[in-house]
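J.: This is final-v6.cif, which holds mmCIF, C-alpha atoms:
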data_entry
loop_
_atom_site.group_PDB
_atom_site.id
_atom_site.type_symbol
_atom_site.label_atom_id
_atom_site.label_comp_id
_atom_site.auth_asym_id
_atom_site.auth_seq_id
_atom_site.Cartn_x
_atom_site.Cartn_y
_atom_site.Cartn_z
ATOM 1 C CA MET P 30 121.363 -40.694 201.849
ATOM 2 C CA ARG P 31 118.484 -43.195 201.641
ATOM 3 C CA ILE P 32 116.004 -40.334 201.976
ATOM 4 C CA LEU P 33 117.399 -38.439 198.999
ATOM 5 C CA SER P 34 117.693 -41.581 196.893
ATOM 6 C CA VAL P 35 114.056 -42.416 197.476
ATOM 7 C CA TYR P 36 113.058 -38.820 196.851
ATOM 8 C CA LEU P 37 114.722 -39.047 193.446
ATOM 9 C CA THR P 38 112.843 -42.266 192.872
ATOM 10 C CA LEU P 39 109.574 -40.488 193.492
ATOM 11 C CA LEU P 40 110.326 -37.931 190.812
ATOM 12 C CA LEU P 41 111.358 -40.504 188.243
ATOM 13 C CA SER P 42 108.622 -43.065 188.863
ATOM 14 C CA VAL P 43 106.571 -43.852 185.787
ATOM 15 C CA PHE P 44 102.859 -43.135 186.157
ATOM 16 C CA TYR P 45 100.099 -44.516 184.000
ATOM 17 C CA ILE P 46 96.397 -43.721 183.667
ATOM 18 C CA CYS P 47 93.914 -46.417 184.617
ATOM 19 C CA VAL P 48 90.626 -45.340 183.035
ATOM 20 C CA TYR P 49 88.365 -47.843 184.737
ATOM 21 C CA GLY P 50 89.648 -46.685 188.129
ATOM 22 C CA GLN P 51 89.343 -42.974 187.376
ATOM 23 C CA GLU P 52 85.642 -43.348 186.614
ATOM 24 C CA ARG P 53 84.886 -44.552 190.140
ATOM 25 C CA TRP P 54 86.237 -41.518 191.998
ATOM 26 C CA LYS P 55 83.646 -39.212 193.521
ATOM 27 C CA SER P 56 83.902 -35.907 195.390
ATOM 28 C CA TYR P 57 82.570 -35.704 198.941
ATOM 29 C CA TYR P 58 81.888 -32.395 200.699
ATOM 30 C CA TYR P 59 81.977 -32.056 204.485
ATOM 31 C CA THR P 60 81.139 -28.421 205.056
ATOM 32 C CA ASP P 61 80.877 -28.781 208.828
ATOM 33 C CA LYS P 62 84.537 -29.888 208.870
ATOM 34 C CA ASN P 63 85.548 -27.367 206.162
ATOM 35 C CA PHE P 64 86.936 -29.750 203.523
ATOM 36 C CA LYS P 65 86.205 -31.725 200.396
ATOM 37 C CA ILE P 66 87.989 -34.810 199.068
ATOM 38 C CA ASP P 67 87.630 -37.568 196.465
ATOM 39 C CA PHE P 68 87.206 -41.201 197.461
ATOM 40 C CA PHE P 69 87.426 -44.334 195.333
ATOM 41 C CA GLN P 70 84.277 -45.689 196.968
ATOM 42 C CA GLN P 71 81.874 -44.671 199.718
ATOM 43 C CA PRO P 72 83.886 -44.034 202.923
ATOM 44 C CA ILE P 73 82.951 -45.440 206.301
ATOM 45 C CA ILE P 74 82.641 -42.662 208.892
ATOM 46 C CA SER P 75 83.392 -43.209 212.557
ATOM 47 C CA ALA P 76 84.412 -41.239 215.639
ATOM 48 C CA ASP P 77 86.903 -41.977 218.406
ATOM 49 C CA THR P 78 87.265 -40.350 221.801
ATOM 50 C CA SER P 79 90.633 -39.768 223.461
ATOM 51 C CA PHE P 80 91.756 -37.498 226.257
ATOM 52 C CA LEU P 81 93.922 -34.410 226.261
ATOM 53 C CA GLN P 82 94.943 -33.311 229.736
ATOM 54 C CA ASP P 83 91.894 -35.119 231.171
ATOM 55 C CA SER P 84 89.559 -33.416 228.687
ATOM 56 C CA PRO P 85 87.767 -35.499 226.004
ATOM 57 C CA LEU P 86 89.008 -35.080 222.443
ATOM 58 C CA LEU P 87 86.895 -36.238 219.486
ATOM 59 C CA THR P 88 88.441 -37.509 216.252
ATOM 60 C CA TYR P 89 86.332 -38.163 213.138
ATOM 61 C CA ASN P 90 87.521 -40.774 210.637
ATOM 62 C CA TRP P 91 86.713 -41.369 206.968
ATOM 63 C CA GLU P 92 88.090 -44.695 205.746
ATOM 64 C CA ILE P 93 87.809 -47.095 202.834
ATOM 65 C CA ASN P 94 89.298 -50.528 202.328
ATOM 66 C CA VAL P 95 89.270 -50.858 198.557
ATOM 67 C CA ASP P 96 87.173 -53.788 197.338
ATOM 68 C CA ASP P 97 88.828 -53.909 193.917
ATOM 69 C CA THR P 98 91.949 -56.050 194.354
ATOM 70 C CA LEU P 99 93.308 -54.767 191.028
ATOM 71 C CA HIS P 100 93.462 -51.244 192.426
ATOM 72 C CA GLU P 101 97.028 -50.325 193.459
ATOM 73 C CA ASN P 102 96.122 -49.097 196.940
ATOM 74 C CA LYS P 103 94.178 -51.021 199.536
ATOM 75 C CA TYR P 104 93.368 -48.221 201.977
ATOM 76 C CA TYR P 105 92.526 -44.506 201.944
ATOM 77 C CA GLY P 106 91.846 -42.564 205.108
ATOM 78 C CA LEU P 107 91.324 -39.117 206.570
ATOM 79 C CA SER P 108 90.953 -38.065 210.178
ATOM 80 C CA PHE P 109 89.906 -34.726 211.633
ATOM 81 C CA THR P 110 90.586 -33.557 215.176
ATOM 82 C CA LYS P 111 89.860 -30.113 216.567
ATOM 83 C CA TYR P 112 92.182 -29.171 219.427
ATOM 84 C CA PRO P 113 91.729 -26.351 221.933
ATOM 85 C CA SER P 114 93.228 -23.193 220.435
ATOM 86 C CA GLU P 115 95.213 -22.580 223.603
ATOM 87 C CA TYR P 116 96.875 -25.989 223.170
ATOM 88 C CA ILE P 117 98.019 -25.697 219.537
ATOM 89 C CA CYS P 118 97.457 -23.316 216.653
ATOM 90 C CA SER P 119 98.884 -23.121 213.150
ATOM 91 C CA ASP P 120 100.287 -19.641 213.778
ATOM 92 C CA SER P 121 102.446 -20.879 216.680
ATOM 93 C CA LEU P 122 106.220 -21.080 216.296
ATOM 94 C CA LEU P 123 107.151 -23.366 213.411
ATOM 95 C CA SER P 124 109.251 -25.573 215.678
ATOM 96 C CA VAL P 125 106.204 -26.115 217.915
ATOM 97 C CA VAL P 126 103.880 -26.810 214.986
ATOM 98 C CA GLU P 127 106.341 -29.160 213.313
ATOM 99 C CA GLY P 128 106.940 -31.033 216.552
ATOM 100 C CA PHE P 129 103.191 -31.408 217.045
ATOM 101 C CA ILE P 130 102.730 -32.747 213.503
ATOM 102 C CA ASN P 131 105.707 -35.092 213.902
ATOM 103 C CA SER P 132 104.108 -36.559 217.031
ATOM 104 C CA SER P 133 101.288 -37.921 214.873
ATOM 105 C CA GLN P 134 103.822 -40.417 213.490
ATOM 106 C CA ASN P 135 105.164 -41.630 216.847
ATOM 107 C CA GLU P 136 103.796 -45.170 216.509
ATOM 108 C CA LEU P 137 105.600 -45.646 213.198
ATOM 109 C CA PHE P 138 108.798 -44.044 214.478
ATOM 110 C CA GLU P 139 108.844 -46.553 217.324
ATOM 111 C CA ASP P 140 108.022 -49.602 215.171
ATOM 112 C CA LYS P 141 111.187 -51.239 213.793
ATOM 113 C CA GLU P 142 109.260 -52.758 210.880
ATOM 114 C CA PHE P 143 108.720 -49.304 209.370
ATOM 115 C CA LEU P 144 111.380 -47.311 207.565
ATOM 116 C CA LEU P 145 110.959 -43.556 207.077
ATOM 117 C CA LEU P 146 111.795 -42.899 203.434
ATOM 118 C CA SER P 147 111.354 -39.137 203.484
ATOM 119 C CA SER P 148 109.593 -36.262 205.211
ATOM 120 C CA SER P 149 109.143 -32.735 203.965
ATOM 121 C CA LEU P 150 107.521 -29.498 205.046
ATOM 122 C CA VAL P 151 104.621 -28.254 202.886
ATOM 123 C CA GLU P 152 101.709 -25.855 203.042
ATOM 124 C CA LYS P 153 98.036 -25.914 202.101
ATOM 125 C CA ASP P 154 96.260 -22.626 201.457
ATOM 126 C CA GLY P 155 98.708 -20.871 203.764
ATOM 127 C CA TYR P 156 98.628 -23.488 206.546
ATOM 128 C CA PRO P 157 101.582 -25.677 207.619
ATOM 129 C CA GLY P 158 101.802 -29.389 206.906
ATOM 130 C CA LYS P 159 104.187 -32.278 206.372
ATOM 131 C CA ILE P 160 104.458 -35.240 204.025
ATOM 132 C CA PHE P 161 105.702 -38.545 205.454
ATOM 133 C CA LYS P 162 106.596 -41.533 203.279
ATOM 134 C CA TRP P 163 107.108 -44.914 204.950
ATOM 135 C CA LYS P 164 107.815 -48.489 203.949
ATOM 136 C CA ASN P 165 107.092 -51.699 205.823
ATOM 137 C CA THR P 166 110.346 -53.605 205.384
ATOM 138 C CA ASN P 167 108.676 -56.971 205.996
ATOM 139 C CA THR P 168 105.718 -56.679 203.639
ATOM 140 C CA ASN P 169 107.126 -54.198 201.091
ATOM 141 C CA ILE P 170 104.015 -52.078 201.556
ATOM 142 C CA PHE P 171 104.289 -48.314 201.085
ATOM 143 C CA LEU P 172 102.481 -45.750 203.266
ATOM 144 C CA GLU P 173 102.148 -42.026 202.721
ATOM 145 C CA PHE P 174 100.699 -39.423 205.064
ATOM 146 C CA ARG P 175 99.934 -35.756 204.492
ATOM 147 C CA ILE P 176 99.122 -33.839 207.635
ATOM 148 C CA PHE P 177 97.932 -30.232 207.876
ATOM 149 C CA LEU P 178 97.282 -27.995 210.869
ATOM 150 C CA VAL P 179 94.582 -25.451 210.019
ATOM 151 C CA ASN P 180 94.131 -23.045 212.913
ATOM 152 C CA SER P 181 93.600 -25.610 215.690
ATOM 153 C CA SER P 182 92.218 -28.405 213.474
ATOM 154 C CA LEU P 183 94.453 -31.317 212.442
ATOM 155 C CA TYR P 184 93.743 -33.113 209.160
ATOM 156 C CA GLN P 185 95.564 -36.412 208.636
ATOM 157 C CA LEU P 186 95.350 -38.027 205.192
ATOM 158 C CA SER P 187 96.780 -41.484 204.579
ATOM 159 C CA VAL P 188 97.198 -44.059 201.817
ATOM 160 C CA VAL P 189 98.403 -47.653 202.139
ATOM 161 C CA SER P 190 99.487 -49.362 198.942
ATOM 162 C CA ARG P 191 99.269 -53.008 198.023
ATOM 163 C CA GLU P 192 102.498 -54.972 198.072
ATOM 164 C CA ASP P 193 105.055 -53.653 195.537
ATOM 165 C CA GLN P 194 102.669 -50.896 194.376
ATOM 166 C CA SER P 195 104.377 -47.803 195.772
ATOM 167 C CA HIS P 196 104.281 -44.341 194.171
ATOM 168 C CA ASN P 197 101.264 -44.994 191.922
ATOM 169 C CA ILE P 198 99.189 -42.255 190.343
ATOM 170 C CA PHE P 199 96.201 -42.691 192.645
ATOM 171 C CA ILE P 200 98.193 -41.555 195.692
ATOM 172 C CA ASN P 201 98.653 -38.039 194.358
ATOM 173 C CA ASN P 202 95.143 -38.002 192.874
ATOM 174 C CA TYR P 203 93.727 -38.625 196.332
ATOM 175 C CA PHE P 204 95.899 -36.135 198.190
ATOM 176 C CA ASP P 205 95.510 -33.444 195.531
ATOM 177 C CA SER P 206 91.719 -33.735 195.727
ATOM 178 C CA PHE P 207 91.785 -32.537 199.352
ATOM 179 C CA ASN P 208 90.739 -28.899 199.537
ATOM 180 C CA LEU P 209 89.765 -26.583 202.356
ATOM 181 C CA ILE P 210 86.401 -24.851 202.077
ATOM 182 C CA ASN P 211 84.863 -22.011 204.068
ATOM 183 C CA THR P 212 88.328 -21.294 205.463
ATOM 184 C CA THR P 213 90.200 -18.004 205.313
ATOM 185 C CA LYS P 214 93.580 -18.350 203.623
ATOM 186 C CA GLY P 215 96.457 -18.570 206.087
ATOM 187 C CA SER P 216 99.788 -16.761 206.034
ATOM 188 C CA PHE P 217 102.234 -19.654 206.434
ATOM 189 C CA VAL P 218 104.988 -19.962 203.807
ATOM 190 C CA VAL P 219 107.472 -22.822 203.707
ATOM 191 C CA PRO P 220 110.939 -21.433 204.561
ATOM 192 C CA ASN P 221 112.829 -21.030 201.344
ATOM 193 C CA ASP P 222 116.621 -21.269 201.438
ATOM 194 C CA SER P 223 116.809 -21.055 197.677
ATOM 195 C CA VAL P 224 119.534 -22.952 195.880
ATOM 196 C CA GLU P 225 121.130 -20.759 193.240
ATOM 197 C CA GLN P 226 121.302 -22.780 190.044
ATOM 198 C CA LYS P 227 124.934 -23.387 189.077
ATOM 199 C CA TYR P 228 124.443 -25.087 185.724
ATOM 200 C CA LEU P 229 122.590 -24.907 182.410
ATOM 201 C CA ILE P 230 120.601 -27.746 180.903
ATOM 202 C CA ASP P 231 118.296 -28.027 177.889
ATOM 203 C CA PHE P 232 114.727 -29.267 178.161
ATOM 204 C CA PRO P 233 112.384 -29.943 175.216
ATOM 205 C CA SER P 234 110.244 -27.078 176.552
ATOM 206 C CA LYS P 235 110.111 -24.921 179.654
ATOM 207 C CA PRO P 236 110.204 -27.043 182.854
ATOM 208 C CA THR P 237 108.455 -26.354 186.145
ATOM 209 C CA ALA P 238 110.910 -25.147 188.799
ATOM 210 C CA GLN P 239 110.498 -25.334 192.559
ATOM 211 C CA ASN P 240 112.509 -25.508 195.775
ATOM 212 C CA LYS P 241 111.602 -28.420 198.055
ATOM 213 C CA LEU P 242 112.522 -28.405 201.739
ATOM 214 C CA ILE P 243 113.120 -31.941 203.008
ATOM 215 C CA ASP P 244 114.294 -33.547 206.227
ATOM 216 C CA SER P 245 117.446 -35.606 205.928
ATOM 217 C CA GLU P 246 120.132 -37.191 208.065
ATOM 218 C CA TYR P 247 122.049 -33.909 207.597
ATOM 219 C CA GLY P 248 119.174 -31.707 208.765
ATOM 220 C CA LYS P 249 116.873 -29.744 206.485
ATOM 221 C CA LEU P 250 118.037 -29.537 202.863
ATOM 222 C CA THR P 251 116.637 -27.469 200.040
ATOM 223 C CA ILE P 252 116.507 -29.118 196.626
ATOM 224 C CA ASN P 253 116.168 -27.114 193.444
ATOM 225 C CA ILE P 254 113.971 -29.213 191.159
ATOM 226 C CA GLN P 255 113.148 -28.783 187.487
ATOM 227 C CA THR P 256 110.589 -31.168 186.011
ATOM 228 C CA LEU P 257 108.929 -31.539 182.654
ATOM 229 C CA GLU P 258 106.176 -34.072 182.036
ATOM 230 C CA THR P 259 105.506 -34.853 178.387
ATOM 231 C CA ASP P 260 102.510 -36.219 176.531
ATOM 232 C CA GLU P 261 101.960 -39.776 175.313
ATOM 233 C CA THR P 262 103.537 -39.074 171.907
ATOM 234 C CA ALA P 263 106.961 -38.126 173.310
ATOM 235 C CA ASP P 264 109.899 -40.512 173.528
ATOM 236 C CA ASN P 265 110.316 -39.894 177.281
ATOM 237 C CA ILE P 266 107.645 -39.490 179.935
ATOM 238 C CA VAL P 267 109.420 -37.112 182.291
ATOM 239 C CA TYR P 268 112.611 -35.044 182.473
ATOM 240 C CA VAL P 269 114.046 -34.162 185.882
ATOM 241 C CA SER P 270 116.979 -32.045 187.025
ATOM 242 C CA LEU P 271 117.979 -31.737 190.696
ATOM 243 C CA GLN P 272 120.477 -29.603 192.572
ATOM 244 C CA THR P 273 121.100 -29.826 196.316
ATOM 245 C CA LYS P 274 123.540 -27.820 198.392
ATOM 246 C CA TYR P 275 125.032 -29.889 201.212
ATOM 247 C CA PRO P 276 126.865 -28.658 204.304
ATOM 248 C CA LYS P 277 130.623 -28.568 203.714
ATOM 249 C CA LYS P 278 131.194 -31.241 206.364
ATOM 250 C CA VAL P 279 129.197 -33.722 204.281
ATOM 251 C CA VAL P 280 131.220 -33.475 201.077
ATOM 252 C CA ASN P 281 135.001 -33.382 201.449
ATOM 253 C CA GLN P 282 136.715 -33.586 198.059
ATOM 254 C CA ASP P 283 139.972 -34.639 199.703
ATOM 255 C CA GLU P 284 138.381 -37.819 201.111
ATOM 256 C CA ILE P 285 138.142 -39.936 197.960
ATOM 257 C CA TYR P 286 136.717 -43.038 199.636
ATOM 258 C CA GLU P 287 133.973 -41.139 201.445
ATOM 259 C CA LEU P 288 133.256 -39.096 198.327
ATOM 260 C CA ASN P 289 132.738 -42.274 196.287
ATOM 261 C CA LYS P 290 130.309 -43.560 198.892
ATOM 262 C CA PHE P 291 128.482 -40.245 198.748
ATOM 263 C CA TYR P 292 128.102 -40.435 194.957
ATOM 264 C CA LYS P 293 126.993 -44.052 195.129
ATOM 265 C CA ASN P 294 124.287 -43.265 197.663
ATOM 266 C CA VAL P 295 122.987 -40.302 195.692
ATOM 267 C CA LEU P 296 122.859 -42.173 192.399
ATOM 268 C CA THR P 297 121.408 -45.400 193.731
ATOM 269 C CA ILE P 298 117.728 -45.547 192.849
ATOM 270 C CA HIS P 299 115.578 -48.097 194.661
ATOM 271 C CA TRP P 300 112.765 -48.491 192.131
ATOM 272 C CA ASN P 301 110.717 -50.771 194.367
ATOM 273 C CA GLN P 302 110.616 -48.324 197.247
#
Hey, can you dump this file as structure tokens for me?

T.:
Amino acid sequence: MRILSVYLTLLLSVFYICVYGQERWKSYYYTDKNFKIDFFQQPIISADTSFLQDSPLLTYNWEINVDDTLHENKYYGLSFTKYPSEYICSDSLLSVVEGFINSSQNELFEDKEFLLLSSSLVEKDGYPGKIFKWKNTNTNIFLEFRIFLVNSSLYQLSVVSREDQSHNIFINNYFDSFNLINTTKGSFVVPNDSVEQKYLIDFPSKPTAQNKLIDSEYGKLTINIQTLETDETADNIVYVSLQTKYPKKVVNQDEIYELNKFYKNVLTIHWNQ
């Protein structure tokens, strides 16, 4: 249940606008790699060579370590690797693509200092991707990765926060600035096991509704989410409504003790995560 609790935290986190920081962002276009993205300062570009089945594999890196210590995040990065099309392609079976993307996180999965908070399947311009959110349990530093497979090219975007500065506005600003260019739109769609809404609730105005497919200790779960962000004059910053359908084996109404634990886990919000 930790994954779902943290996911709820993400939706309810309070964002603020830091004007002095916004003014420093600049768009960078890399047409030869078919993408554009915004960086907080000039990125350092490097290249690494690895081997895939005895053949050299080149990875390009764009990285910045933020000089401004008042900025909430201390690192932004992006890497680009083009694989042989016969090795991996975004139109392969989803299980193959997802397994390939998951393998990019192997070092963190194997490191006991890092806790996986959540992972979810997403898409970018019709190409498959995943979001991974991690926390270093020793330093209380938050890491987020968004990884997309576009044809046979793998884009890995990453942000590392400063201590106790998780879920800040600049994380989404950075990821949302990433756009593919000179690339034909793909056909991938995130599987949608829609959750039929079983309740009515009033919002101040019409909310945005979406179904989010996340990985959990119970397998993949679809969450029906309704969100409404308000302006600075409103009493509340954001309104959120969530509905998740669990497998029957997870929620047994006859097991009062286990049911209480279930409710406690769902409702516990770890604001510092």

J.: Given the choices P:Asn180, P:Thr213, P:Ser270, P:Thr98, which gets closest to P:Asp231 if the distance is worked out from all atoms listed in the file?

T.: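 Ranking P:Asn180, P:Thr213, P:Ser270, P:Thr98 by distance to P:Asp231, first place goes to P:Ser270.
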
J.: Go ahead and compute the interatomic distance for atom CA of P:Phe177 and atom CA of P:Pro157, in Å to one decimal.

T.: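 A separation of 5.8 Å between them.
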
J.: Please report the interatomic distance between atom CA of P:Gln71 and atom CA of P:Leu209 in Å with one decimal.

T.: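 If I compute the distance from atom CA of P:Gln71 to atom CA of P:Leu209, I get 19.9 Å.
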
J.: Carefully work through the PyMOL selection byres ((chain P and resi 159) around 8) for this structure and note down the residues it includes, as a list in words.

T.: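 For this structure, the PyMOL selection byres ((chain P and resi 159) around 8) captures Glu127, Ile130, Ser148, Ser149, Leu150, Val151, Glu152, Pro157, Gly158, Ile160, Phe161, Arg175, Ile176 and Phe177 of chain P.
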
J.: Output the residue selection produced by the PyMOL selection byres ((chain P and resi 95) around 8) on the file above, formatted as a VMD selection string.

T.: chain P and resid 69 to 70 93 to 94 96 to 98 100 102 to 105

J.: How about saving the chosen residues, C-alpha atoms kept, as a PDB file, keeping the file's coordinate frame?

T.:
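New file selection.pdb:
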ATOM      1  CA  PHE P  69      87.426 -44.334 195.333  1.00  0.00           C
ATOM      2  CA  GLN P  70      84.277 -45.689 196.968  1.00  0.00           C
ATOM      3  CA  ILE P  93      87.809 -47.095 202.834  1.00  0.00           C
ATOM      4  CA  ASN P  94      89.298 -50.528 202.328  1.00  0.00           C
ATOM      5  CA  ASP P  96      87.173 -53.788 197.338  1.00  0.00           C
ATOM      6  CA  ASP P  97      88.828 -53.909 193.917  1.00  0.00           C
ATOM      7  CA  THR P  98      91.949 -56.050 194.354  1.00  0.00           C
ATOM      8  CA  HIS P 100      93.462 -51.244 192.426  1.00  0.00           C
ATOM      9  CA  ASN P 102      96.122 -49.097 196.940  1.00  0.00           C
ATOM     10  CA  LYS P 103      94.178 -51.021 199.536  1.00  0.00           C
ATOM     11  CA  TYR P 104      93.368 -48.221 201.977  1.00  0.00           C
ATOM     12  CA  TYR P 105      92.526 -44.506 201.944  1.00  0.00           C
TER      13      TYR P 105
END

J.: For the PyMOL selection byres ((chain P and resi 116) around 12), applied here, can you spell out every residue it catches as a ChimeraX atom specification?

T.: /P:81-82,84,111-115,117-121,125-126,129,180-182
